[in-house]
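J.: Structure provided below as structure tokens; questions to follow.
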Amino acid sequence: MSSMVSSAFTSLPTTTKTDHLSQKHYFLHSFLPNNINKKNTISKGITRKSTIKCVVAGNGNGNGLFTQTSQEVRRIVPKRNSQNQHLPTVKIVYVVLEAQYQSSLSAAVQTLNNPSKHANFEVVGYLVEELRDVNTYQTFCKDLEDANIFIGSLIFVEELAVKVKNAVEKERDRLDAVLVFPSMPEVMRLNKLGSFSMSQLGQSKSPFFQLFKRNKKGGNAGFADSMLKLVRTLPKVLKYLPSDKAQDARLYILSLQFWLGGSPDNLVNFVKMISGSYVPALKGTKIEYSDPVLFLDTGIWHPLAPCMYDDVKEYLNWYGTRRDASPKLKSANAPVIGLVLQRSHIVTGDESHYVAVIMELEARGAKVIPIFSGGLDYSGPVEKFFIDPITKKPMVNSVVSLTGFALVGGPARQDHPRAVEALMKLDVPYIVALPLVFQTTEEWLNSTLGLHPIQVALQVALPELDGGMEPIVFSGRKSHALHKRVEQLCTRAIKWAELKRKTKAEKKLAITVFSFPPDKGNVGTAAYLNVFASIFAVLEDLKKDGYNVEGLPENAEALIEDVIHDKEAQFNSPNLNVAYKMNVREYQQLTPYSTLLEENWGKAPGNLNSDGENLLVYGKQYGNIFIGVQPTFGYEGDPMRLLFSKSASPHHGFAAYYSFVEKIFGADAVLHFGTHGSLEFMPGKQVGMSDVCYPDSLIGNIPNIYYYAANNPSEATVAKRRSYANTISYLTPPAENAGLYKGLKQLSELISSYQSLKDTGRGQQIVSSIISTAKQCNLDKDVDLPEEGVEISAKERDSVVGKVYAKIMEIESRLLPCGLHIIGEPPTALEAVATLVNIAALDRPEEGISAFPSILAECVGRGIEDVYRGSDKGVLKDVELLKQITEATRGSVAAFVERTTNDKGQVVNVNDKLSSILGFSLNEPWIQYLSNTQFYRADREKLRVLFGFLGECLKLIVADNELGSLKQALEGKYVEPGPGGDPIRNPKVLPTGKNIHALDPQSIPTTAALQSAKVVVDRLLERQKADNGGKYPETVALVLWGTDNIKTYGESLAQVLWMIGVRPIADAFGRVNKVEPVSLEELGRPRIDVVVNCSGVFRDLFINQMNLLDRAVKMVAELDEPEELNYVRKHAVEQANTLGVEVREAATRIFSNASGSYSSNVNLAVENSSWNDEKQLQDMYLSRKSFAFDSDAPGVGMTEKRKVFEMALATAEATFQNLDSSEISLTDVSHYFDSDPTNLVQGLRKDGKKPNAYIADTTTANAQVRTLSETVRLDARTKLLNPKWYEGMLSTGYEGVREIEKRLTNTVGWSATSGQVDNWVYEEANTTFIKDEEMLKKLMNTNPNSFRKLVQTFLEANGRGYWDTSEENIEQLRQLYTEVEDKIEGVDR
């Protein structure tokens, strides 16, 4: 296959040997193309016609692992003959991360054996990933039994490091030499060279140990710097020390120099030195060896250059004199691309993949400056070679790292702040492409997962923390270039570079909006964002900045009209504005992969985004700006397609849209506007796209900028990895307290009366009114209320009032985002108060910050946890105290913020005002406020620390950079990276306008997450026991979400581990890849069985953690414990017997979608009303969610195991989900009901019993476990039925109506999957939005399409039996439906 051919450039043998460092340059290799005229065609790889199907790796062959390669390709056994048979044999076994040393070491051994002088040398090498295979590992152990020398390098994967350690440890005393170069401490401790050892590593102050310690001042890159410094200086020092120990240490360091030097010559001398010094059979034989040939630590390398350079000016002088370069390449206008390379590939001669990229860039007219480093810190070389030392301006237009590693620290410890600092100085787009490390090219092509999970963690997730983008796989494991991928990488790098060079007036930008579900009322769908008002704000700003935005309407409303109405048709046409009609021939010419879509959609043009003859592109152009409407998936309205277990390809209209944007409109960049579209969720590999993955084909060569909600890092990461997006965060609307309204407000007033009058004769009368009003408000579903008119004691009265009070306080203080955000609009002071109050409510022990409620509770002699528990139980004095604490917190923070605001309520001059406030205790506004409350004695020092932190947070809240970052990206600059997540839990998410990243997937769950998880699991099990006759649930079916685990650092992941009774174990670098069982004595309860449904996004981001969970469950199933104390084992044994399989296979519990597919499609069916009955929804869930991950065969990916899935679900007695941040609740998004199996489990259980459904709410410091029905009621009261919420939404106009409709549709979703929605919720919603004449008109006139869907949803809820109401209500809805239909179609009756 031509995409797998290695580079057309070959290295000639080294002719010049350099043995000292005084020269300016170091000759390395000379390179000449095989045929100079082929230069421009070198990278023409496979055409689109040669389709590579993504099939499952391991099908029918091998071990189910990611790689089936064998060590035998790296084994050299000397040929015996009469001249060498008397010589001893020296056997060398080596284990490395990457294959670059293979050719160099093989060449060295062949040189030594040809002819053999002192010994016969045998060598065999293993790639660390191969040791997962049982047979390979056994061969490795056997090879060690008669080995003389063991060498290991870059062994940083813990589970494999342990395997290496165990195998080598057995033979260590017998081995003549053990040499381990930078690896995990447990492997480094194996080092043995004569009297030199590292067995004390980690317990001593040795310089070697210092390499592994976290260096606070110098950052983690100190590791690489110290190593290089040591390598340079120690041999000189040790040479003059007489002891054997010093000489052995010297030889170890020389070994490291030889190894890092890597060339065949260096490795020949390395093997001679170690063999002659330590192999007993060669004792007394004088084996001459040369000192290491040292190469530049850092420098510039080009395959055609005569030498390496350590001065960029000298390199550019050579570049300008090249005779082979075209005039285009020598032009001052040629884009300049910086490349970052690993020195080890260059010195070992394993660099054909680098050559291919350099030649492809030059063939496309771009100059290159390829820099390298011998260590793991590239920040210095980046600053030295890419930034002009005089002007301090970048000498490159974009940078591509071909190492795949983080800029500072490689696979070991990273220093992201240092990397970001260097990249911000450079200020150009930063792309991190990657070579395959753990798989062969064929294995990667055939894998549905794509990249190996460990490579994703090391070479995709970690570079993202530096701001790296576009993880394109550009070469195979043996450094052969994948030419089609190299083309994609180089074209995209040049496109980003062009943004730096083009003028603003000539740049073309395609703004892409979404419409989901497909309907005119939904154009401009995005989470928490007022899309058209935001686009208008962005375009006005770009216009001022010099972009061509000709014909921009006067306001956002006119912009909506332009885009959503077809001007050629009658005014109220159901069609959107058509920007372009593409005929079928043009479509096929522009879209090389169009024939691949026919399998799912038939011949073009099809019936989606089509008029029957042409494909239609919807949108509107203003000068050089095109606003287009992205087509939808296309199958959301087809119940049969929704049942397919794997998602369909994009349809012709979808492909035509992106062909238009790139090839007809000619966009320099595309801006996807808001969370989120469909492009990144199209079928293809999970990570590491190939040519035939649809996201890669669709985005083509266009730089992709994507506005993404700051609180959704998981889906933003999918967009980064699958559609190469530079994701820029935007703020979610600031959270406010839900407040009280109507009957709830009246209840609050009655409770105040009761507290002041309860000891008079009116106590009983007021309680009767409280009971009756609570029932009118439907609170009798949440609180046990006595019958009205029954006389109760004073103690019981306090108890009833306390419980009602606790419930209405829960409603009042519930956080909700009000309205929708507009890009570039900072919050007002009032909005900042609510956010700061919530930030202040959390303890932050790692930063030495106490929560405000804790400080206040302490000063009145209480613990806040004790107050929370009492309030939850409805203890009246505790409910009242908690209310007072809450009010004091709000008042103090408001007084603090007031000092920093202007007359208009905007926060201004934060820095000046804060410095004047902090430090003057009597003037501190919070002290002044608290002096009038019972909390006047609150600890002043703790408060000062807290408010110092809140002051920093306030600066972040108001420091908006959403527009600024967009303009930076459009100008080809670097956008500073930052974490996504919940700004309340992690204020570092602010300010927005950052390039969002997730986290190192191997860093979760953290210790703090495990502590929080234990609290929630204990409360869940207690609640289930109380609802289940005192019995523990045997099985809990639960969901793992990507974003939740990022925000909480793995709390829900830790919940699963704690349910089955295991604890995660972190390695020396803090990475979690191992678990151990907790004893039953410590656990104090049975191990609970689990059925885990991982979202498609969790699967993409945390496949390592799925592996961990599967290993944990299987480990627990195999424990020798009584079945009544280990429900995992009990059920696995039963299921193994039924299915006739091993217990280990029956203990499969970790499920998700097929690779490249997302969601159960239940949400699509509900949103588009395209389902017949609940059975059909349940079939969708089973069909799409029954793919299991198997840690015993991780390379196979997701495998359908529906029978095991159904049997496991049939044992579930409870279903469970988590809510972890205030802005997303059960009815805000469709994902939650899409993953809810409550009714499904009832259908699968033999006894037909419905499981109890629970929701954990950790949105506040007081974590709660409620039933699903309690949570749905709370959600309805605080959002859908709350005037504060719906008036806030309606104030945003067109989009606000859609938000109201969406909440009602999602409520119907919960009725469909769980049956847990009370009738009164629909009744009250009908009263609020339909019975109120004024409200009804407002909804209909503002967004008639969304209003029609609202009416339709009410009728559907009634028709499906979820809402029982009067015939009069139904008749009114039917009439309204006809009326709004006529209005939309422009019919005047």
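How things are named: the first chain in the structure tokens is A, the next is B, and so on; residues count from 1 in each chain; ligands count from 1 in the order shown.
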So that I can check the surroundings of A:Lys272, please list as a PyMOL selection string every protein, DNA and RNA residue that reaches within 9 Å of it, counting only C-alpha atoms and ignoring chain neighbours fewer than 4 positions away.
T.: chain A and resi 112+267-268+276-277+287-289
J.: With N, CA, C and O atoms retained, could you export that selection as a PDB file, in the first residue's frame?
T.:
ATOM      1  N   LEU A 112      30.293  -5.616  14.731  1.00  0.00           N
ATOM      2  CA  LEU A 112      31.143  -6.338  15.683  1.00  0.00           C
ATOM      3  C   LEU A 112      31.324  -7.811  15.291  1.00  0.00           C
ATOM      4  O   LEU A 112      32.358  -8.424  15.582  1.00  0.00           O
ATOM      5  N   LEU A 267      27.235   3.086  19.297  1.00  0.00           N
ATOM      6  CA  LEU A 267      26.736   1.853  19.923  1.00  0.00           C
ATOM      7  C   LEU A 267      27.764   0.723  19.821  1.00  0.00           C
ATOM      8  O   LEU A 267      27.836  -0.140  20.698  1.00  0.00           O
ATOM      9  N   VAL A 268      28.590   0.713  18.755  1.00  0.00           N
ATOM     10  CA  VAL A 268      29.689  -0.268  18.662  1.00  0.00           C
ATOM     11  C   VAL A 268      30.627  -0.079  19.857  1.00  0.00           C
ATOM     12  O   VAL A 268      30.979  -1.040  20.565  1.00  0.00           O
ATOM     13  N   GLY A 276      33.837  -5.558  27.464  1.00  0.00           N
ATOM     14  CA  GLY A 276      35.234  -5.676  27.904  1.00  0.00           C
ATOM     15  C   GLY A 276      35.400  -5.418  29.383  1.00  0.00           C
ATOM     16  O   GLY A 276      36.289  -5.988  30.036  1.00  0.00           O
ATOM     17  N   SER A 277      34.546  -4.594  29.954  1.00  0.00           N
ATOM     18  CA  SER A 277      34.694  -4.229  31.372  1.00  0.00           C
ATOM     19  C   SER A 277      33.986  -5.190  32.316  1.00  0.00           C
ATOM     20  O   SER A 277      34.400  -5.336  33.468  1.00  0.00           O
ATOM     21  N   ILE A 287      40.004  -4.759  25.139  1.00  0.00           N
ATOM     22  CA  ILE A 287      39.139  -4.357  24.016  1.00  0.00           C
ATOM     23  C   ILE A 287      39.187  -2.832  23.916  1.00  0.00           C
ATOM     24  O   ILE A 287      38.745  -2.128  24.823  1.00  0.00           O
ATOM     25  N   GLU A 288      39.754  -2.352  22.834  1.00  0.00           N
ATOM     26  CA  GLU A 288      39.880  -0.902  22.643  1.00  0.00           C
ATOM     27  C   GLU A 288      38.521  -0.312  22.250  1.00  0.00           C
ATOM     28  O   GLU A 288      37.802  -0.907  21.446  1.00  0.00           O
ATOM     29  N   TYR A 289      38.188   0.811  22.828  1.00  0.00           N
ATOM     30  CA  TYR A 289      36.976   1.521  22.374  1.00  0.00           C
ATOM     31  C   TYR A 289      37.246   3.019  22.362  1.00  0.00           C
ATOM     32  O   TYR A 289      38.108   3.510  23.092  1.00  0.00           O
TER      33      TYR A 289
END
J.: Just list the residues in stretch 1149-1388 of chain A DSSP gives alpha helix (DSSP H) on the backbone, as a ChimeraX atom specification.
T.: /A:1162-1167,1174-1185,1202-1209,1231-1234,1238-1244,1268-1275,1283-1290,1294-1314,1319-1326,1333-1342,1344-1359,1367-1385
J.: Using only C-alpha atoms, which residue out of A:Ala1026, A:Ala1261, A:Leu542, A:Ile511 lies closest to A:Ile864?
T.: A:Ala1261
J.: When you look at A:Trp1041 with a cut-off of 10 Å (counting only C-alpha atoms), what residues show up, excluding the ones that are within fewer than 5 positions of it in the same chain? I need them as a ChimeraX atom specification.
T.: /A:714,1046,1050,1052-1053,1093-1099,1102,1217-1218,1231-1232,1235
J.: May I ask for the distance between atom CA of A:Leu970 and atom CA of A:Lys392, given in Å to one decimal place?
T.: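 Atom CA of A:Lys392 lies at a distance of 21.2 Å from atom CA of A:Leu970.
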J.: Do you know which residues are at most 8 Å from A:Gly993 counting only C-alpha atoms, after dropping those on the same chain fewer than 2 positions away, and could you put them as a ChimeraX atom specification?
T.: /A:728-730,960-966,991,995
J.: Excluding A:Gly980 and any residue of its chain fewer than 4 positions from it, enumerate the residues within 8 Å of it, using only C-alpha atoms, and give them as a PyMOL selection string.
T.: chain A and resi 710-713+729+989+996-998+1047
J.: Check stretch 1016-1251 of chain A with DSSP on the backbone and list each residue it calls strand (DSSP E or B), as a PyMOL selection string.
T.: chain A and resi 1035-1040+1062-1066+1072-1077+1087+1089-1094+1126+1150-1152+1187-1188+1199-1200+1214-1219
J.: Next, the residues of the selection above should be written as a compact mmCIF listing (two decimals), in the first residue's frame with N, CA, C and O atoms.
T.:
# COMPACT_ATOMS: atom_id res chain seq x y z
N THR A 1035 -27.07 -4.95 42.66
CA THR A 1035 -26.45 -4.34 41.47
C THR A 1035 -26.96 -2.92 41.31
O THR A 1035 -28.16 -2.66 41.47
N VAL A 1036 -26.06 -2.01 40.95
CA VAL A 1036 -26.43 -0.64 40.60
C VAL A 1036 -26.03 -0.41 39.14
O VAL A 1036 -24.88 -0.68 38.76
N ALA A 1037 -26.96 0.07 38.32
CA ALA A 1037 -26.64 0.42 36.93
C ALA A 1037 -26.40 1.93 36.90
O ALA A 1037 -27.24 2.71 37.34
N LEU A 1038 -25.23 2.33 36.41
CA LEU A 1038 -24.91 3.76 36.48
C LEU A 1038 -24.21 4.24 35.20
O LEU A 1038 -23.83 3.45 34.35
N VAL A 1039 -24.05 5.56 35.11
CA VAL A 1039 -23.52 6.19 33.90
C VAL A 1039 -22.24 6.95 34.24
O VAL A 1039 -22.16 7.60 35.28
N LEU A 1040 -21.25 6.88 33.35
CA LEU A 1040 -20.04 7.70 33.49
C LEU A 1040 -19.99 8.69 32.33
O LEU A 1040 -20.05 8.29 31.17
N VAL A 1062 -12.76 -1.56 45.68
CA VAL A 1062 -11.32 -1.52 45.35
C VAL A 1062 -10.85 -0.08 45.47
O VAL A 1062 -11.65 0.86 45.41
N ARG A 1063 -9.54 0.09 45.63
CA ARG A 1063 -8.99 1.45 45.68
C ARG A 1063 -7.93 1.61 44.60
O ARG A 1063 -7.17 0.68 44.32
N PRO A 1064 -7.87 2.81 43.99
CA PRO A 1064 -6.87 3.06 42.95
C PRO A 1064 -5.50 3.29 43.58
O PRO A 1064 -5.41 3.85 44.68
N ILE A 1065 -4.44 2.88 42.90
CA ILE A 1065 -3.07 3.06 43.38
C ILE A 1065 -2.31 3.89 42.35
O ILE A 1065 -2.28 3.53 41.17
N ALA A 1066 -1.71 5.00 42.81
CA ALA A 1066 -0.96 5.86 41.89
C ALA A 1066 0.50 5.41 41.84
O ALA A 1066 1.04 4.89 42.81
N VAL A 1072 -2.62 6.91 37.66
CA VAL A 1072 -3.41 5.81 38.23
C VAL A 1072 -3.64 4.76 37.15
O VAL A 1072 -4.44 4.96 36.24
N ASN A 1073 -2.92 3.63 37.26
CA ASN A 1073 -3.10 2.54 36.31
C ASN A 1073 -3.24 1.19 37.01
O ASN A 1073 -3.08 0.15 36.39
N LYS A 1074 -3.53 1.24 38.33
CA LYS A 1074 -3.55 0.01 39.10
C LYS A 1074 -4.59 0.12 40.20
O LYS A 1074 -4.86 1.22 40.69
N VAL A 1075 -5.19 -1.01 40.59
CA VAL A 1075 -6.14 -1.02 41.72
C VAL A 1075 -5.81 -2.20 42.63
O VAL A 1075 -5.18 -3.16 42.20
N GLU A 1076 -6.27 -2.10 43.88
CA GLU A 1076 -6.14 -3.25 44.79
C GLU A 1076 -7.45 -3.39 45.56
O GLU A 1076 -8.13 -2.39 45.83
N PRO A 1077 -7.83 -4.62 45.93
CA PRO A 1077 -9.10 -4.79 46.66
C PRO A 1077 -9.00 -4.25 48.08
O PRO A 1077 -7.96 -4.36 48.72
N ARG A 1087 -19.66 -6.28 48.56
CA ARG A 1087 -19.25 -5.61 47.32
C ARG A 1087 -20.47 -5.56 46.40
O ARG A 1087 -21.09 -6.59 46.14
N ASP A 1089 -22.41 -5.16 42.90
CA ASP A 1089 -22.17 -5.35 41.47
C ASP A 1089 -22.59 -4.07 40.73
O ASP A 1089 -23.44 -3.31 41.21
N VAL A 1090 -21.98 -3.83 39.58
CA VAL A 1090 -22.27 -2.62 38.82
C VAL A 1090 -22.49 -2.97 37.34
O VAL A 1090 -21.95 -3.97 36.85
N VAL A 1091 -23.29 -2.15 36.66
CA VAL A 1091 -23.33 -2.19 35.19
C VAL A 1091 -23.05 -0.75 34.76
O VAL A 1091 -23.83 0.15 35.05
N VAL A 1092 -21.90 -0.56 34.12
CA VAL A 1092 -21.43 0.80 33.84
C VAL A 1092 -21.67 1.14 32.38
O VAL A 1092 -21.15 0.46 31.49
N ASN A 1093 -22.47 2.18 32.15
CA ASN A 1093 -22.69 2.68 30.78
C ASN A 1093 -21.82 3.93 30.62
O ASN A 1093 -22.10 4.96 31.22
N CYS A 1094 -20.76 3.81 29.84
CA CYS A 1094 -19.87 4.96 29.60
C CYS A 1094 -20.38 5.72 28.38
O CYS A 1094 -20.69 5.11 27.35
N ASN A 1126 -20.09 -10.73 48.16
CA ASN A 1126 -19.47 -10.30 46.91
C ASN A 1126 -20.47 -10.55 45.78
O ASN A 1126 -20.48 -11.60 45.15
N ILE A 1150 -18.36 -3.21 31.74
CA ILE A 1150 -18.03 -1.85 31.28
C ILE A 1150 -18.47 -1.71 29.83
O ILE A 1150 -17.84 -2.28 28.93
N PHE A 1151 -19.55 -0.96 29.61
CA PHE A 1151 -20.17 -0.88 28.28
C PHE A 1151 -20.19 0.55 27.75
O PHE A 1151 -20.10 1.52 28.51
N SER A 1152 -20.35 0.65 26.43
CA SER A 1152 -20.50 1.96 25.79
C SER A 1152 -21.04 1.71 24.38
O SER A 1152 -21.57 0.64 24.09
N PHE A 1187 -21.91 -2.50 23.72
CA PHE A 1187 -20.54 -2.79 23.30
C PHE A 1187 -19.62 -2.73 24.52
O PHE A 1187 -19.60 -1.73 25.23
N ALA A 1188 -18.89 -3.82 24.72
CA ALA A 1188 -18.10 -3.95 25.95
C ALA A 1188 -16.62 -3.71 25.68
O ALA A 1188 -16.13 -3.97 24.58
N THR A 1199 -16.58 -4.40 21.68
CA THR A 1199 -17.16 -5.60 21.07
C THR A 1199 -18.59 -5.78 21.56
O THR A 1199 -18.86 -5.64 22.76
N GLU A 1200 -19.49 -6.11 20.64
CA GLU A 1200 -20.90 -6.26 21.02
C GLU A 1200 -21.07 -7.48 21.92
O GLU A 1200 -20.67 -8.58 21.57
N ALA A 1214 -31.12 -0.77 41.39
CA ALA A 1214 -31.11 0.70 41.43
C ALA A 1214 -30.41 1.22 40.18
O ALA A 1214 -29.47 0.59 39.69
N THR A 1215 -30.89 2.36 39.68
CA THR A 1215 -30.16 3.06 38.61
C THR A 1215 -29.68 4.37 39.21
O THR A 1215 -30.28 4.90 40.15
N PHE A 1216 -28.58 4.90 38.65
CA PHE A 1216 -27.91 6.00 39.33
C PHE A 1216 -27.17 6.89 38.34
O PHE A 1216 -26.53 6.40 37.41
N GLN A 1217 -27.31 8.22 38.52
CA GLN A 1217 -26.51 9.19 37.75
C GLN A 1217 -26.05 10.31 38.69
O GLN A 1217 -26.59 10.48 39.77
N ASN A 1218 -25.08 11.08 38.22
CA ASN A 1218 -24.53 12.20 39.00
C ASN A 1218 -24.86 13.53 38.35
O ASN A 1218 -24.82 13.66 37.13
N LEU A 1219 -25.16 14.55 39.17
CA LEU A 1219 -25.19 15.94 38.73
C LEU A 1219 -24.07 16.64 39.48
O LEU A 1219 -24.01 16.56 40.70
J.: Could you give me, as an mmCIF file with N, CA, C and O atoms, in the first residue's frame, the residues within 12 Å of A:Asn135, counting only C-alpha atoms and dropping anything in the same chain fewer than 3 positions from it?
T.:
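Listing of result.cif after writing:
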data_model
loop_
_atom_site.group_PDB
_atom_site.id
_atom_site.type_symbol
_atom_site.label_atom_id
_atom_site.label_comp_id
_atom_site.auth_asym_id
_atom_site.auth_seq_id
_atom_site.Cartn_x
_atom_site.Cartn_y
_atom_site.Cartn_z
ATOM 1 N N GLY A 62 -4.243 -13.319 16.154
ATOM 2 C CA GLY A 62 -3.442 -12.818 17.263
ATOM 3 C C GLY A 62 -4.137 -12.763 18.593
ATOM 4 O O GLY A 62 -5.077 -13.489 18.889
ATOM 5 N N ASN A 63 -3.648 -11.812 19.400
ATOM 6 C CA ASN A 63 -3.821 -11.883 20.844
ATOM 7 C C ASN A 63 -4.826 -10.893 21.400
ATOM 8 O O ASN A 63 -4.942 -10.744 22.596
ATOM 9 N N GLN A 68 0.595 -7.071 17.360
ATOM 10 C CA GLN A 68 0.931 -8.493 17.257
ATOM 11 C C GLN A 68 2.349 -8.681 16.717
ATOM 12 O O GLN A 68 2.695 -9.738 16.221
ATOM 13 N N THR A 69 3.180 -7.632 16.787
ATOM 14 C CA THR A 69 4.535 -7.766 16.249
ATOM 15 C C THR A 69 5.379 -8.629 17.176
ATOM 16 O O THR A 69 5.048 -8.823 18.341
ATOM 17 N N SER A 70 6.489 -9.105 16.626
ATOM 18 C CA SER A 70 7.318 -10.043 17.372
ATOM 19 C C SER A 70 8.731 -9.506 17.521
ATOM 20 O O SER A 70 9.244 -8.801 16.659
ATOM 21 N N GLN A 71 9.360 -9.911 18.626
ATOM 22 C CA GLN A 71 10.743 -9.522 18.871
ATOM 23 C C GLN A 71 11.699 -10.171 17.866
ATOM 24 O O GLN A 71 12.847 -9.737 17.725
ATOM 25 N N GLU A 130 5.036 -4.783 23.476
ATOM 26 C CA GLU A 130 4.921 -6.200 23.113
ATOM 27 C C GLU A 130 4.867 -7.105 24.339
ATOM 28 O O GLU A 130 4.384 -8.230 24.267
ATOM 29 N N LEU A 131 5.348 -6.599 25.475
ATOM 30 C CA LEU A 131 5.420 -7.435 26.681
ATOM 31 C C LEU A 131 4.041 -7.680 27.302
ATOM 32 O O LEU A 131 3.925 -8.452 28.254
ATOM 33 N N ARG A 132 2.992 -7.023 26.792
ATOM 34 C CA ARG A 132 1.635 -7.343 27.270
ATOM 35 C C ARG A 132 1.245 -8.760 26.889
ATOM 36 O O ARG A 132 0.457 -9.412 27.553
ATOM 37 N N GLN A 138 6.894 -14.446 28.051
ATOM 38 C CA GLN A 138 7.601 -15.686 28.425
ATOM 39 C C GLN A 138 8.930 -15.798 27.662
ATOM 40 O O GLN A 138 9.959 -16.175 28.220
ATOM 41 N N THR A 139 8.887 -15.443 26.375
ATOM 42 C CA THR A 139 10.117 -15.481 25.557
ATOM 43 C C THR A 139 11.142 -14.490 26.111
ATOM 44 O O THR A 139 12.339 -14.771 26.170
ATOM 45 N N PHE A 140 10.659 -13.318 26.531
ATOM 46 C CA PHE A 140 11.530 -12.287 27.116
ATOM 47 C C PHE A 140 12.220 -12.847 28.365
ATOM 48 O O PHE A 140 13.442 -12.733 28.527
ATOM 49 N N CYS A 141 11.431 -13.473 29.235
ATOM 50 C CA CYS A 141 11.994 -14.052 30.478
ATOM 51 C C CYS A 141 13.032 -15.126 30.137
ATOM 52 O O CYS A 141 14.086 -15.214 30.766
ATOM 53 N N LYS A 142 12.720 -15.916 29.118
ATOM 54 C CA LYS A 142 13.637 -16.984 28.701
ATOM 55 C C LYS A 142 14.923 -16.387 28.131
ATOM 56 O O LYS A 142 16.032 -16.861 28.405
#
J.: How far is it from atom CA of A:Asn148 to atom CA of A:Val279, in Å with one decimal?
T.: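 Atom-to-atom, atom CA of A:Asn148 and atom CA of A:Val279 are spaced 6.9 Å apart.
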J.: Could you make a table, as CSV, of the residues of stretch 1153-1270 of chain A that have an atom within 12 Å of an atom of stretch 620-635 of chain A, each with its nearest atom pair and distance in Å to one decimal, counting only C-alpha atoms, in chain and number order?
T.:
residue,atom,partner,partner_atom,distance
A:Ser1157,CA,A:Phe633,CA,12.0
A:Tyr1158,CA,A:Phe633,CA,11.9
A:Asn1161,CA,A:Tyr635,CA,9.9
A:Leu1164,CA,A:Tyr635,CA,8.8
A:Ala1165,CA,A:Tyr635,CA,9.6
A:Asn1168,CA,A:Tyr635,CA,10.1
A:Ser1170,CA,A:Tyr635,CA,10.1
J.: Identify, on the basis of only C-alpha atoms, every residue whose closest approach to A:Gly891 does not exceed 10 Å; exclude the query and any residue fewer than 3 positions from it along the same chain; express the result as a list in words.
T.: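 Near A:Gly891, the qualifying residues are Val833, Val837, Ile885, Thr886, Glu887, Ala888, Ala894, Ala895, Phe896, Val897, Pro925, Trp926, Tyr929 and Leu930 of chain A.
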J.: Restricted to N, CA and C atoms, what would the selected residues look like written as a short mmCIF file (atom, residue, chain, number, x, y, z; two decimals), in the first residue's frame?
T.:
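Once written, again.cif looks like this:
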data_model
loop_
_atom_site.label_atom_id
_atom_site.label_comp_id
_atom_site.auth_asym_id
_atom_site.auth_seq_id
_atom_site.Cartn_x
_atom_site.Cartn_y
_atom_site.Cartn_z
N VAL A 833 -21.60 38.37 42.01
CA VAL A 833 -21.86 38.02 43.41
C VAL A 833 -22.27 36.56 43.52
N VAL A 837 -20.23 33.77 45.62
CA VAL A 837 -20.85 33.12 46.80
C VAL A 837 -20.66 31.60 46.67
N ILE A 885 -26.65 31.48 57.80
CA ILE A 885 -25.28 31.36 57.26
C ILE A 885 -25.27 31.75 55.78
N THR A 886 -26.27 31.23 55.04
CA THR A 886 -26.37 31.52 53.61
C THR A 886 -26.54 33.02 53.38
N GLU A 887 -27.44 33.64 54.16
CA GLU A 887 -27.69 35.09 53.98
C GLU A 887 -26.45 35.91 54.34
N ALA A 888 -25.75 35.51 55.41
CA ALA A 888 -24.55 36.24 55.82
C ALA A 888 -23.46 36.13 54.75
N ALA A 894 -21.54 40.40 48.69
CA ALA A 894 -22.13 41.56 47.97
C ALA A 894 -21.46 42.85 48.43
N ALA A 895 -21.22 42.98 49.75
CA ALA A 895 -20.57 44.18 50.28
C ALA A 895 -19.15 44.31 49.72
N PHE A 896 -18.48 43.17 49.58
CA PHE A 896 -17.12 43.15 49.03
C PHE A 896 -17.12 43.59 47.56
N VAL A 897 -18.05 43.03 46.77
CA VAL A 897 -18.09 43.33 45.33
C VAL A 897 -18.51 44.78 45.09
N PRO A 925 -15.00 45.24 54.10
CA PRO A 925 -16.48 45.29 53.98
C PRO A 925 -17.17 44.07 54.57
N TRP A 926 -16.52 42.89 54.50
CA TRP A 926 -17.17 41.70 55.06
C TRP A 926 -17.22 41.77 56.59
N TYR A 929 -20.06 44.06 57.45
CA TYR A 929 -21.36 43.39 57.28
C TYR A 929 -21.63 42.41 58.43
N LEU A 930 -20.61 41.60 58.75
CA LEU A 930 -20.83 40.55 59.77
C LEU A 930 -20.99 41.14 61.18
#
